[in-house]
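Chemist: Sharing structure34.cif (mmCIF, C-alpha atoms) below.
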data_final
loop_
_atom_site.group_PDB
_atom_site.id
_atom_site.type_symbol
_atom_site.label_atom_id
_atom_site.label_comp_id
_atom_site.auth_asym_id
_atom_site.auth_seq_id
_atom_site.Cartn_x
_atom_site.Cartn_y
_atom_site.Cartn_z
ATOM 1 C CA MET A 1 -45.425 21.786 52.833
ATOM 2 C CA ASP A 2 -45.316 22.596 56.543
ATOM 3 C CA ILE A 3 -42.204 23.396 58.564
ATOM 4 C CA ASN A 4 -42.077 19.995 60.303
ATOM 5 C CA SER A 5 -42.184 18.035 57.074
ATOM 6 C CA THR A 6 -39.606 20.383 55.553
ATOM 7 C CA ASN A 7 -37.282 19.860 58.509
ATOM 8 C CA THR A 8 -37.707 16.090 58.265
ATOM 9 C CA LEU A 9 -36.922 16.201 54.548
ATOM 10 C CA VAL A 10 -33.851 18.372 55.215
ATOM 11 C CA ILE A 11 -32.548 15.889 57.805
ATOM 12 C CA ASN A 12 -33.214 12.982 55.440
ATOM 13 C CA GLN A 13 -31.385 14.780 52.623
ATOM 14 C CA LEU A 14 -28.467 15.572 54.944
ATOM 15 C CA ASN A 15 -28.249 11.922 56.003
ATOM 16 C CA LYS A 16 -28.272 10.801 52.367
ATOM 17 C CA ASP A 17 -25.537 13.249 51.367
ATOM 18 C CA LEU A 18 -23.417 12.319 54.389
ATOM 19 C CA LEU A 19 -23.645 8.625 53.486
ATOM 20 C CA LEU A 20 -22.725 9.314 49.873
ATOM 21 C CA CYS A 21 -19.604 11.122 51.096
ATOM 22 C CA GLY A 22 -18.543 8.254 53.336
ATOM 23 C CA TYR A 23 -19.676 9.638 56.681
ATOM 24 C CA SER A 24 -21.339 7.367 59.201
ATOM 25 C CA LEU A 25 -23.183 10.196 61.000
ATOM 26 C CA GLN A 26 -26.937 9.794 60.718
ATOM 27 C CA ILE A 27 -29.263 12.192 62.509
ATOM 28 C CA ASP A 28 -32.647 11.015 63.751
ATOM 29 C CA ALA A 29 -35.347 12.852 61.795
ATOM 30 C CA SER A 30 -37.417 13.125 64.962
ATOM 31 C CA SER A 31 -34.697 15.136 66.730
ATOM 32 C CA SER A 32 -35.637 18.560 67.980
ATOM 33 C CA ASP A 33 -34.465 21.474 65.850
ATOM 34 C CA HIS A 34 -32.090 22.546 68.608
ATOM 35 C CA LEU A 35 -30.525 19.081 68.896
ATOM 36 C CA PHE A 36 -30.281 18.703 65.128
ATOM 37 C CA ILE A 37 -28.467 22.034 64.763
ATOM 38 C CA GLN A 38 -26.185 21.249 67.705
ATOM 39 C CA ILE A 39 -25.197 17.877 66.207
ATOM 40 C CA LEU A 40 -24.585 19.458 62.809
ATOM 41 C CA MET A 41 -22.473 22.253 64.311
ATOM 42 C CA GLU A 42 -20.340 19.788 66.288
ATOM 43 C CA PHE A 43 -19.859 17.635 63.193
ATOM 44 C CA LEU A 44 -18.882 20.591 60.986
ATOM 45 C CA SER A 45 -16.527 21.971 63.617
ATOM 46 C CA HIS A 46 -14.777 18.628 64.008
ATOM 47 C CA GLU A 47 -14.475 18.060 60.276
ATOM 48 C CA GLN A 48 -13.322 21.618 59.598
ATOM 49 C CA GLN A 49 -10.453 21.121 62.048
ATOM 50 C CA ASN A 50 -9.584 17.501 61.282
ATOM 51 C CA ASN A 51 -10.733 16.495 57.818
ATOM 52 C CA LEU A 52 -11.174 19.529 55.598
ATOM 53 C CA GLU A 53 -10.656 17.599 52.357
ATOM 54 C CA LYS A 54 -13.519 15.198 53.060
ATOM 55 C CA LEU A 55 -15.695 18.066 54.272
ATOM 56 C CA THR A 56 -14.982 19.946 51.047
ATOM 57 C CA HIS A 57 -16.182 16.887 49.120
ATOM 58 C CA PHE A 58 -19.393 16.972 51.169
ATOM 59 C CA PHE A 59 -19.861 20.666 50.313
ATOM 60 C CA TYR A 60 -19.470 19.886 46.616
ATOM 61 C CA ARG A 61 -21.983 17.061 47.044
ATOM 62 C CA ILE A 62 -24.629 19.382 48.464
ATOM 63 C CA ASP A 63 -23.731 21.883 45.749
ATOM 64 C CA LEU A 64 -22.504 24.876 47.722
ATOM 65 C CA ALA A 65 -21.289 27.728 45.565
ATOM 66 C CA GLU A 66 -17.623 27.589 44.590
ATOM 67 C CA ASN A 67 -16.850 30.932 46.253
ATOM 68 C CA GLN A 68 -18.331 29.649 49.518
ATOM 69 C CA ILE A 69 -16.257 26.484 49.372
ATOM 70 C CA ASN A 70 -13.107 28.504 48.662
ATOM 71 C CA ASN A 71 -13.722 30.604 51.797
ATOM 72 C CA LEU A 72 -14.053 27.683 54.235
ATOM 73 C CA HIS A 73 -10.959 28.708 56.177
ATOM 74 C CA ASP A 74 -12.459 32.133 56.901
ATOM 75 C CA MET A 75 -15.819 30.884 58.184
ATOM 76 C CA ASP A 76 -16.798 29.950 61.688
ATOM 77 C CA VAL A 77 -18.969 26.953 62.458
ATOM 78 C CA GLU A 78 -22.171 29.022 62.692
ATOM 79 C CA GLU A 79 -21.664 30.324 59.155
ATOM 80 C CA LEU A 80 -20.959 26.822 57.850
ATOM 81 C CA THR A 81 -24.051 25.460 59.561
ATOM 82 C CA TYR A 82 -26.187 28.220 58.085
ATOM 83 C CA LEU A 83 -24.800 27.583 54.592
ATOM 84 C CA VAL A 84 -25.405 23.843 54.812
ATOM 85 C CA LEU A 85 -28.935 24.168 56.181
ATOM 86 C CA ASN A 86 -29.862 26.892 53.726
ATOM 87 C CA ARG A 87 -28.573 24.870 50.769
ATOM 88 C CA LEU A 88 -30.312 21.683 51.899
ATOM 89 C CA LYS A 89 -33.612 23.536 52.397
ATOM 90 C CA LYS A 90 -33.365 24.976 48.891
ATOM 91 C CA LYS A 91 -32.661 21.504 47.521
ATOM 92 C CA VAL A 92 -35.656 19.986 49.328
ATOM 93 C CA ILE A 93 -38.060 22.789 48.374
ATOM 94 C CA PHE A 94 -36.922 22.746 44.750
ATOM 95 C CA ARG A 95 -37.473 19.007 44.522
ATOM 96 C CA SER A 96 -40.904 19.179 46.142
ATOM 97 C CA ASN A 97 -42.011 21.929 43.749
ATOM 98 C CA PHE A 98 -40.894 20.026 40.646
ATOM 99 C CA LYS A 99 -42.011 16.504 41.458
#
Take the structure in the file and give it back as structure tokens.
Modeler:
Amino acid sequence: MDINSTNTLVINQLNKDLLLCGYSLQIDASSSDHLFIQILMEFLSHEQQNNLEKLTHFFYRIDLAENQINNLHDMDVEELTYLVLNRLKKKVIFRSNFK
């Protein structure tokens, strides 16, 4: 699996999880990595400030560790973005290896 297909699968997985949590945000899989990360950071920042309960549900949906979810108030948006991307990549790679 190359990096481009992995990134596309990560964006697709993110879009799926966002929809399942009631978010309307959908990111174009052909977006550049920079744009994708910028959109995700803006989304997480907004939700962290305005809708933490719904964001917490999203974090449970993508299966972040409980200790990470409990420390949401102490994290900045860069840390949250890293956690989300890292978890989604693990999810995608795990699924591709066990298909």
Chemist: Choose the residue, out of A:Leu85, A:Ile11, A:Leu19, A:Leu55, that has the smallest atom-to-atom separation from A:Ser32; count all atoms listed in the file.
Modeler: A:Ile11
Chemist: Taking into account all atoms listed in the file, which residue in the set A:Leu9, A:Leu64, A:Met41, A:Leu35 is nearest to A:Leu83?
Modeler: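 Selected residue with least distance to A:Leu83: A:Leu64.
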Chemist: I want to know what sits within 12 Å of A:Tyr82, based on all atoms listed in the file, with residues of the same chain fewer than 2 positions away left out; could you give that as a list in words?
Modeler: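 The neighbour list is Ile37, Gln38, Leu40, Met41, Leu44, Leu64, Gln68, Met75, Asp76, Val77, Glu78, Glu79, Leu80, Val84, Leu85, Asn86, Arg87, Leu88 and Lys89 of chain A.
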Chemist: Here is a test: counting all atoms listed in the file, which residue of A:Asn4, A:Gln49, A:Asn67, A:Gln13 is nearest to A:Val92?
Modeler: A:Gln13
Chemist: When you draw a straight line from atom CA of A:Asn97 to atom CA of A:Cys21, how long is it in Å?
Modeler: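 Atom CA of A:Cys21 lies 25.9 Å from atom CA of A:Asn97.
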